[in-house]
6 protein chains.
Amino acid sequence: MLDFQLRDMVERTLTEDMGQVGDVTTMATVGPKIKGKGSIVAREGLVVSGLAIARMTFLVVDPTVKFEAVAKDGARLAKGDVIATLSGSLRSILIAERPALNFLGRLSGIATNTHAFVEAVTGLTAKVVDTRKTTPLHRALEKAAIRHGGAHNHRFNLTDGILIKDNHVIACGGVEQAVAEAKKNLPHHLIKIGVEVDRIDQIEPALAAGAEHLLLDNMAPTTLKKAVALVDGRATTEASGGVRLNTVRGIAETGVDFISSGSLIHAARWVDVALDFDTSL
Amino acid sequence: MLDFQLRDMVERTLTEDMGQVGDVTTMATVGPKIKGKGSIVAREGLVVSGLAIARMTFLVVDPTVKFEAVAKDGARLAKGDVIATLSGSLRSILIAERPALNFLGRLSGIATNTHAFVEAVTGLTAKVVDTRKTTPLHRALEKAAIRHGGAHNHRFNLTDGILIKDNHVIACGGVEQAVAEAKKNLPHHLIKIGVEVDRIDQIEPALAAGAEHLLLDNMAPTTLKKAVALVDGRATTEASGGVRLNTVRGIAETGVDFISSGSLIHAARWVDVALDFDTSL
Amino acid sequence: MLDFQLRDMVERTLTEDMGQVGDVTTMATVGPKIKGKGSIVAREGLVVSGLAIARMTFLVVDPTVKFEAVAKDGARLAKGDVIATLSGSLRSILIAERPALNFLGRLSGIATNTHAFVEAVTGLTAKVVDTRKTTPLHRALEKAAIRHGGAHNHRFNLTDGILIKDNHVIACGGVEQAVAEAKKNLPHHLIKIGVEVDRIDQIEPALAAGAEHLLLDNMAPTTLKKAVALVDGRATTEASGGVRLNTVRGIAETGVDFISSGSLIHAARWVDVALDFDTSL
Amino acid sequence: MLDFQLRDMVERTLTEDMGQVGDVTTMATVGPKIKGKGSIVAREGLVVSGLAIARMTFLVVDPTVKFEAVAKDGARLAKGDVIATLSGSLRSILIAERPALNFLGRLSGIATNTHAFVEAVTGLTAKVVDTRKTTPLHRALEKAAIRHGGAHNHRFNLTDGILIKDNHVIACGGVEQAVAEAKKNLPHHLIKIGVEVDRIDQIEPALAAGAEHLLLDNMAPTTLKKAVALVDGRATTEASGGVRLNTVRGIAETGVDFISSGSLIHAARWVDVALDFDTSL
Amino acid sequence: MLDFQLRDMVERTLTEDMGQVGDVTTMATVGPKIKGKGSIVAREGLVVSGLAIARMTFLVVDPTVKFEAVAKDGARLAKGDVIATLSGSLRSILIAERPALNFLGRLSGIATNTHAFVEAVTGLTAKVVDTRKTTPLHRALEKAAIRHGGAHNHRFNLTDGILIKDNHVIACGGVEQAVAEAKKNLPHHLIKIGVEVDRIDQIEPALAAGAEHLLLDNMAPTTLKKAVALVDGRATTEASGGVRLNTVRGIAETGVDFISSGSLIHAARWVDVALDFDTSL
Amino acid sequence: MLDFQLRDMVERTLTEDMGQVGDVTTMATVGPKIKGKGSIVAREGLVVSGLAIARMTFLVVDPTVKFEAVAKDGARLAKGDVIATLSGSLRSILIAERPALNFLGRLSGIATNTHAFVEAVTGLTAKVVDTRKTTPLHRALEKAAIRHGGAHNHRFNLTDGILIKDNHVIACGGVEQAVAEAKKNLPHHLIKIGVEVDRIDQIEPALAAGAEHLLLDNMAPTTLKKAVALVDGRATTEASGGVRLNTVRGIAETGVDFISSGSLIHAARWVDVALDFDTSL
């Protein structure tokens, strides 16, 4: 995301949090000249994500606040590690604190959860990827958190990838017709055609129709293994459906190329990040 | 939220999901005249939230789609229960499906998690309330989900409530001065002044200063109990800090009026809701 | 308001005033390198309001223009007093002049009018407050002008305060039910419940129902006095309805806590502020 | 203004007035099925303006509310006359009431004040016109109110008219050069060139330079009369500067073609319009 | 594009064309009850594009206007053929006419020009595709016009396709490193990697590095032919650079899979479409 | 256009071109510290237009990029001439390159085409002017390009000029009535009234009605000549309709004051401008 896109999202977020007058408590009790200094710290082990938008939150409130990232997006931190340091107008820091931490805690939560999935498949070739099950208006940020967690992204929107699912096949009258129509209407020629299959016997027809990528939906590991063997490199393969942290390694061991899981985001809880002020305040 | 506010959020969400051409797979494979019919079902036990924005998602894509809510926001459903039925252009339904379910799954997840907290304090007078730790740009929706889950809201933004926290007291030179300044700058006279206290000995000064509500931060249940006894109705009391599902009842038993918890949202995972098409498609 | 909110309002205002090419007269006749210097002066006695947005207007047109506030918002100035000084590109100053003065003249007009009301109740305890009768899209600015004039604000929007009026009571079937419903649906627990009463005999039922604030609507001073005596501190009291500059003191003398008046804004005319250029131009 | 422009302004206005949850008092106390009926009435003599945006306010809140204009924009009403009738969901009507009346009261106030100026010059040929001293973001609405009051508009923005003022002449090195530059840079050929003159001796040079319209600034009536005689139809003439209701007729009697006055808007107070519900509610 | 996206673009366009009051000429001279009827006709041979947004333009101005498309996007019309018929309020039709025709004339111009390129390669397998050289803010509309003209689209934005060009290779230190980096950072796995080559000797290294698509930039037909033979199906091939209507067939005869040309849009002039009113008006 | 207006257009344009992640190819292959240097050059003879928005495009992507205009808008350049030089982050320059050149190539194309028309009438008094046939959302930029090409603008929108066309006359019941209505509803008094006439015999009635400007529509040069003679300075005259580069001089020779042509924009192709990097990169 370019800076103006982060800025736009931060401005909407601050509008939501400020109400019509702003932080009346802080304005009433903290003089405009009081300076503050503090650190954003990890209150638990986590993988960092969201530094750019957290930083932008402080800068939109007050461009004179100094935000210095100590860690980088994607860094694995232990409890107590410092993520960033802050100094400047105490008023401004207090006003921006909650929205900034809301971004950082959510996104780091997703990166941390994702990282657990990636760790679970260590040493295997399968790549963990996300889905379109993302929080509305946060897709770009959440997809970045997925990358910070060590996984990869799936398509970003409905224009930039073709995935023919069961309803498409039924409505179109068969996989052959569906792939043919998709090819004819391909958004552009740098995009591959993916087809969802639920059963082993759907694989050959899909390949014959021209599928370059197969989404193996809701198959048990033993079935997946057979499917991978059958495909034998004629298309890339992706396992999907009900992937959980405790099942992901078993799926990866089947040899699929990709494992897509909505759980990277669905099951992520926010991690605990806090702004600690210097005691000398 | 008024309809135009839901519509605005849906339009931004669809823009995010459509890309520049839209659902190219569906457009290529599903003819414009094919009709579809289906139900949004709960794939697990849950408390519903998000019906209005899910409905609006289908209507923005196509105002001729018929969306009939079977359950209401706040309803407790069992696995397999129907949330809503849909009929109309199959194309339109498929295009709106994912964004609509993203709203519904997230918000019902929050309502469901909230409901567990509310259940945990059954029979006690303490009210469970939320915090400002909400997903950026989703506050109104998430605060509604909190209500659908049976809990109550805390302030919506920084203008509509006064909460004097430790940093405000320090910066202002004492709780007496902080409350006096806040009173002088009260946004308006229908708003009460809340003060955060971390220790028992801070209670009397806060009450003396004029606090009408006390935020008892990070106190153990035994301390909370003493605090409630000491306050003795001179202000309303709110326990906050590290409230979890397994600790909330113990906190409620101390007699506090309110228990605020970011976990209602932080720890909520999405629940599984799906759109099942009629097999006769 | 945060800077980006002022900036947004200024940009919309300039768009309105510039048309598609901008200030064609100035562009044609004033060379880009000509410098100007001048002062914004009070052409009559007034109370200042609007400095931040006036300053922002010049800065949005040209960030190199130097705007130095001489007076502060809330200052009482005599005819001829300087409000701010300006120097920089003459083109830029001329382009921003009219919109900047439109903000300043309007808002100072409201502050000046408000100040007259506040002066009228000098020595009495009643606080003068505004209403929701504000110019659409200018509420935050006008409410600030009210404060600059020495009065206080009433609620900012329909979420941040409860005021049960006659129609609500009728529709709900009685004041008891109305207050009970409102309490159950209170936006949050830092908000008090206000109830409008038109007659003395409505006071006890309202208090019994749980009203924490009473809006005494359209009562004559003698009635108000009785009402205040009857309430006797059990709730805060607010007189409203047809409050004018020549009646406000009489109302304040009844002992009410608050007097709300739409006239602070309705009856305010713009004050005369002008940009005088140095003769040496 | 086209409907979508009114709608956009109404949506922003409602966002300002609703806060994040909306009219919590009304939602809590007025059931969704209760119907209401009422009339918007003039509480004092006035000239109507703002019907379209008042109507749009109700429709944006709820398209099923029935708003029937009884009077037309520009109509002169006596105290007690009905402006419009309303029926439909009582909730919706109560939610839209205040913002709708804010538009109507303000704009009718401007139309009413304008009408007084127009009446004052009855029988004379001078046309009363407005200026660019309008409330930011309300220019189109206020300029319509000016027309409803019987006066005429001056230019709408800085692109659609050329007015060379004293600073332009000074910066450009003389009126001849200024007009020449303006002609060379005329936005387009359907626009006339106006020149401001403060003294009689500036008239001939301005005409010689090519002025098609003369702004006679801050001249006393006797001077204005001489100016008009001197111009003798070679350009249209416009008196401006400090025009008040009690001076406007004297100015008109000098024979000028136009009299422009910021007071039409500056000095306008809101008129009293109210929504009376049927007693049978 | 979904309806709300067309509507948004139309609203901005009308705002641009209306100014602050709208079509004052039409409002003054055409009574609100006068009906009109007419046809949008092709004044020259053309390929239609832009029907949806032209229709939306009339509907945004007035939803009661009846717009009936007679031709479809992509239709080849002769001079005099009717594109659509219109009936309804004459005022509304006149107000929407120019902006609607501006969309239709531009987009049909692009479709018509594109069609000439497509015709030029009749019988050959090469597909004509567009580029990112599109009019700012019109990309989705122009890319649709390309399809209506019978050609295909290239990538829509910088996220949905990888094209490694000369500067990327230089900056990355070689084609091998560049492709490796791109693969590692692939937006997602349904996207192919394209590499630009300017000389025959760059082809083998690009293929070895993993290129799935080759952009053969600015090669003469004889070179292109050799390149195609060398690639021999190991990647898809695309000719680009200086493609003109009179050179496109020669390029297609080399056997490349795709020919991309900015000229489809750059060199397109608007075609002449007009709204003819029924003589009986 | 003021800077914030250019910035807003650039931000929308970049959003269109970036997609949800941005320039993934460049981000993957060009390190963040690599510097670049280059020149935007004219690849053919052209008249420059669009420097301000091209510069803004680079600055929005990265405010540290140095963009130095070598030529000015309106400059006539030969093939190979440098328009501007660039230095700074290579990443930033590559990301902004295409959108910046899209603005510059389009607008310079219009300026160049316009210039040809202006050259064609050298030595004659007729001024070439544009029309409302402009690309939606680009009117201000295109009208500036018209000026850079040496021609003049016609009205910018429907509020800032009155042009009574045939349909208006018919609907109003005659030219006399139409002009009278227009005068009564004139947006303001600095605007002239133009009337379209198709035949010589319509001229006297139009003048008698009060037309100050005559649009002589679709008249052959011989007719135009007669019309000009007949008007004889009683109004300004404008020839319109089917004006082409090869007919414009003949039309100008008839003595008309203005010649308006949609072809200035319709028939303009983009000119070839490119960003050449220093070979030492």
# chains A, B, ... in the order shown; residues from 1 in each chain; ligands from 1
call {"tool": "closest_atom_pairs", "arguments": {"of": "chain B", "to": "chain F", "cutoff": "9 Å", "atoms": "only C-alpha atoms", "output": "Markdown table"}}
result
| residue | atom | partner | partner_atom | distance |
| --- | --- | --- | --- | --- |
| B:Glu16 | CA | F:Gln20 | CA | 8.2 |
| B:Gly19 | CA | F:Gly19 | CA | 7.7 |
| B:Gln20 | CA | F:Glu16 | CA | 8.2 |
call {"tool": "residues_around", "arguments": {"residues": "A:Thr64", "least_positions_apart": "5", "cutoff": "8 Å", "atoms": "only C-alpha atoms", "output": "list in words"}}
result
Leu59, Gly88 and Ser89 of chain A
call {"tool": "atom_distance", "arguments": {"atom1": "atom CA of A:Ala96", "atom2": "atom CA of A:Met18"}}
result
9.7 Å
call {"tool": "atom_distance", "arguments": {"atom1": "atom CA of A:Ser87", "atom2": "atom CA of A:Gly38"}}
result
6.5 Å
call {"tool": "select_by_dssp", "arguments": {"residues": "stretch 124-181 of chain C", "states": "strand (DSSP E or B)", "output": "NGL selection string"}}
result
:C and (127-129 or 152 or 162-164)
call {"tool": "write_last_selection", "arguments": {"atoms": "N, CA and C atoms", "output": "compact mmCIF listing (two decimals), in the first residue's frame"}}
result
# COMPACT_ATOMS: atom_id res chain seq x y z
N LYS C 127 -25.70 27.56 33.73
CA LYS C 127 -24.80 27.50 32.57
C LYS C 127 -25.63 27.59 31.29
N VAL C 128 -25.16 28.42 30.38
CA VAL C 128 -25.81 28.51 29.07
C VAL C 128 -25.28 27.39 28.18
N VAL C 129 -26.17 26.64 27.54
CA VAL C 129 -25.74 25.56 26.64
C VAL C 129 -26.48 25.65 25.30
N HIS C 152 -21.51 26.49 27.17
CA HIS C 152 -21.15 25.08 27.16
C HIS C 152 -21.97 24.34 26.11
N ILE C 162 -29.19 10.80 26.14
CA ILE C 162 -30.59 10.34 26.08
C ILE C 162 -31.47 11.51 26.51
N LEU C 163 -32.39 11.90 25.67
CA LEU C 163 -33.36 12.92 26.05
C LEU C 163 -34.73 12.42 25.64
N ILE C 164 -35.53 12.06 26.61
CA ILE C 164 -36.86 11.53 26.33
C ILE C 164 -37.83 12.70 26.26
call {"tool": "atom_distance", "arguments": {"atom1": "atom CA of B:Val118", "atom2": "atom CA of B:Gly241"}}
result
16.9 Å
call {"tool": "closest_residue", "arguments": {"among": "B:Val271, B:Val169, B:Ala206, B:Ala252", "to": "B:Gly45", "atoms": "only C-alpha atoms"}}
result
B:Val271
call {"tool": "select_by_dssp", "arguments": {"residues": "stretch 31-224 of chain F", "states": "helix (DSSP H, G or I)", "output": "ChimeraX atom specification"}}
result
/F:51-61,90-120,139-148,166-172,175-184,200-209,221-224
call {"tool": "write_last_selection", "arguments": {"atoms": "C-alpha atoms", "output": "mmCIF file, in the first residue's frame"}}
result
data_model
loop_
_atom_site.group_PDB
_atom_site.id
_atom_site.type_symbol
_atom_site.label_atom_id
_atom_site.label_comp_id
_atom_site.auth_asym_id
_atom_site.auth_seq_id
_atom_site.Cartn_x
_atom_site.Cartn_y
_atom_site.Cartn_z
ATOM 1 C CA LEU F 51 3.467 18.942 -16.335
ATOM 2 C CA ALA F 52 1.776 19.747 -13.020
ATOM 3 C CA ILE F 53 -0.107 16.493 -12.786
ATOM 4 C CA ALA F 54 2.796 14.414 -14.075
ATOM 5 C CA ARG F 55 4.985 15.974 -11.385
ATOM 6 C CA MET F 56 2.311 15.364 -8.747
ATOM 7 C CA THR F 57 2.167 11.694 -9.750
ATOM 8 C CA PHE F 58 5.818 11.186 -8.862
ATOM 9 C CA LEU F 59 5.453 13.203 -5.650
ATOM 10 C CA VAL F 60 2.422 11.275 -4.413
ATOM 11 C CA VAL F 61 4.314 8.022 -4.880
ATOM 12 C CA LEU F 90 14.423 3.913 -8.827
ATOM 13 C CA ARG F 91 11.531 1.975 -7.314
ATOM 14 C CA SER F 92 9.442 5.085 -6.897
ATOM 15 C CA ILE F 93 10.230 6.348 -10.360
ATOM 16 C CA LEU F 94 9.283 3.033 -11.980
ATOM 17 C CA ILE F 95 6.039 2.835 -10.004
ATOM 18 C CA ALA F 96 4.916 6.321 -11.020
ATOM 19 C CA GLU F 97 6.196 6.179 -14.586
ATOM 20 C CA ARG F 98 3.209 4.770 -16.461
ATOM 21 C CA PRO F 99 0.431 6.847 -14.823
ATOM 22 C CA ALA F 100 2.530 10.007 -15.141
ATOM 23 C CA LEU F 101 3.180 9.368 -18.820
ATOM 24 C CA ASN F 102 -0.478 8.531 -19.383
ATOM 25 C CA PHE F 103 -1.380 12.028 -18.221
ATOM 26 C CA LEU F 104 1.410 13.679 -20.157
ATOM 27 C CA GLY F 105 0.920 11.794 -23.419
ATOM 28 C CA ARG F 106 -2.835 12.343 -23.523
ATOM 29 C CA LEU F 107 -2.763 16.006 -22.595
ATOM 30 C CA SER F 108 0.181 16.849 -24.832
ATOM 31 C CA GLY F 109 -1.681 15.061 -27.596
ATOM 32 C CA ILE F 110 -4.611 17.407 -27.156
ATOM 33 C CA ALA F 111 -2.362 20.458 -26.961
ATOM 34 C CA THR F 112 -0.542 19.338 -30.080
ATOM 35 C CA ASN F 113 -3.723 18.736 -32.045
ATOM 36 C CA THR F 114 -5.135 22.052 -30.849
ATOM 37 C CA HIS F 115 -2.010 23.829 -31.900
ATOM 38 C CA ALA F 116 -2.466 22.581 -35.452
ATOM 39 C CA PHE F 117 -5.907 24.193 -35.565
ATOM 40 C CA VAL F 118 -4.525 27.440 -34.168
ATOM 41 C CA GLU F 119 -1.706 27.433 -36.715
ATOM 42 C CA ALA F 120 -4.224 26.883 -39.468
ATOM 43 C CA ARG F 139 -12.463 18.511 -18.194
ATOM 44 C CA ALA F 140 -10.265 20.907 -16.228
ATOM 45 C CA LEU F 141 -7.094 19.187 -17.422
ATOM 46 C CA GLU F 142 -8.235 19.011 -21.028
ATOM 47 C CA LYS F 143 -9.373 22.623 -21.050
ATOM 48 C CA ALA F 144 -5.934 23.590 -19.788
ATOM 49 C CA ALA F 145 -4.415 21.552 -22.630
ATOM 50 C CA ILE F 146 -6.566 23.528 -25.056
ATOM 51 C CA ARG F 147 -5.030 26.735 -23.674
ATOM 52 C CA HIS F 148 -1.546 25.254 -23.839
ATOM 53 C CA ASP F 166 -32.915 24.591 -31.151
ATOM 54 C CA ASN F 167 -34.658 22.278 -28.716
ATOM 55 C CA HIS F 168 -34.862 25.037 -26.140
ATOM 56 C CA VAL F 169 -36.436 27.383 -28.641
ATOM 57 C CA ILE F 170 -38.959 24.771 -29.747
ATOM 58 C CA ALA F 171 -39.854 23.780 -26.184
ATOM 59 C CA CYS F 172 -40.211 27.383 -25.143
ATOM 60 C CA VAL F 175 -36.717 32.495 -29.626
ATOM 61 C CA GLU F 176 -38.248 35.596 -28.099
ATOM 62 C CA GLN F 177 -39.759 33.665 -25.218
ATOM 63 C CA ALA F 178 -36.632 31.550 -24.782
ATOM 64 C CA VAL F 179 -34.348 34.558 -24.457
ATOM 65 C CA ALA F 180 -36.790 36.296 -22.149
ATOM 66 C CA GLU F 181 -36.954 33.258 -19.879
ATOM 67 C CA ALA F 182 -33.196 32.890 -19.916
ATOM 68 C CA LYS F 183 -32.715 36.550 -18.987
ATOM 69 C CA LYS F 184 -35.152 36.189 -16.130
ATOM 70 C CA ILE F 200 -29.791 33.244 -41.822
ATOM 71 C CA ASP F 201 -33.423 34.153 -41.283
ATOM 72 C CA GLN F 202 -33.145 33.224 -37.610
ATOM 73 C CA ILE F 203 -30.546 35.897 -36.944
ATOM 74 C CA GLU F 204 -32.688 39.034 -36.792
ATOM 75 C CA PRO F 205 -35.256 37.460 -34.443
ATOM 76 C CA ALA F 206 -32.450 36.252 -32.173
ATOM 77 C CA LEU F 207 -30.854 39.675 -32.031
ATOM 78 C CA ALA F 208 -34.218 41.293 -31.498
ATOM 79 C CA ALA F 209 -34.838 38.898 -28.620
ATOM 80 C CA PRO F 221 -18.566 29.290 -45.259
ATOM 81 C CA THR F 222 -20.586 31.294 -47.770
ATOM 82 C CA THR F 223 -23.552 31.331 -45.445
ATOM 83 C CA LEU F 224 -21.315 32.163 -42.507
#
call {"tool": "residues_around", "arguments": {"residues": "F:Asp81", "least_positions_apart": "6", "cutoff": "8 Å", "atoms": "only C-alpha atoms", "output": "list of chain:residue names"}}
result
F:Val41, F:Ala42, F:Arg43
call {"tool": "write_last_selection", "arguments": {"atoms": "C-alpha atoms", "output": "mmCIF file, in the first residue's frame"}}
result
data_model
loop_
_atom_site.group_PDB
_atom_site.id
_atom_site.type_symbol
_atom_site.label_atom_id
_atom_site.label_comp_id
_atom_site.auth_asym_id
_atom_site.auth_seq_id
_atom_site.Cartn_x
_atom_site.Cartn_y
_atom_site.Cartn_z
ATOM 1 C CA VAL F 41 11.592 13.042 -23.624
ATOM 2 C CA ALA F 42 9.449 13.891 -26.608
ATOM 3 C CA ARG F 43 9.635 11.025 -29.077
#
call {"tool": "residues_around", "arguments": {"residues": "B:Thr247", "least_positions_apart": "2", "cutoff": "12 Å", "atoms": "only C-alpha atoms", "output": "list in words"}}
result
Phe117, Ala120, Val121, Ala220, Pro221, Ala239, Ser240, Gly241, Gly242, Val243, Arg244, Leu245, Arg249, Gly250, Ile251, Ala252, Glu253, Thr254, Ile259, Ser261 and Ser263 of chain B
call {"tool": "residues_around", "arguments": {"residues": "B:Ala69", "least_positions_apart": "6", "cutoff": "8 Å", "atoms": "only C-alpha atoms", "output": "list in words"}}
result
Leu51, Ile83, Ala84 and Thr85 of chain B
call {"tool": "write_last_selection", "arguments": {"atoms": "N, CA and C atoms", "output": "PDB file, in the first residue's frame"}}
result
ATOM      1  N   LEU B  51     -27.135  -9.593  10.218  1.00  0.00           N
ATOM      2  CA  LEU B  51     -28.148  -9.833   9.185  1.00  0.00           C
ATOM      3  C   LEU B  51     -28.357  -8.626   8.279  1.00  0.00           C
ATOM      4  N   ILE B  83     -30.354 -19.526   8.830  1.00  0.00           N
ATOM      5  CA  ILE B  83     -30.278 -18.109   9.215  1.00  0.00           C
ATOM      6  C   ILE B  83     -31.122 -17.262   8.270  1.00  0.00           C
ATOM      7  N   ALA B  84     -31.024 -17.560   6.985  1.00  0.00           N
ATOM      8  CA  ALA B  84     -31.775 -16.791   5.989  1.00  0.00           C
ATOM      9  C   ALA B  84     -31.893 -17.619   4.731  1.00  0.00           C
ATOM     10  N   THR B  85     -32.918 -17.291   3.932  1.00  0.00           N
ATOM     11  CA  THR B  85     -33.040 -17.955   2.632  1.00  0.00           C
ATOM     12  C   THR B  85     -32.835 -16.927   1.530  1.00  0.00           C
TER      13      THR B  85
END
call {"tool": "residues_around", "arguments": {"residues": "D:Arg76", "least_positions_apart": "4", "cutoff": "8 Å", "atoms": "only C-alpha atoms", "output": "PyMOL selection string"}}
result
chain D and resi 45-48
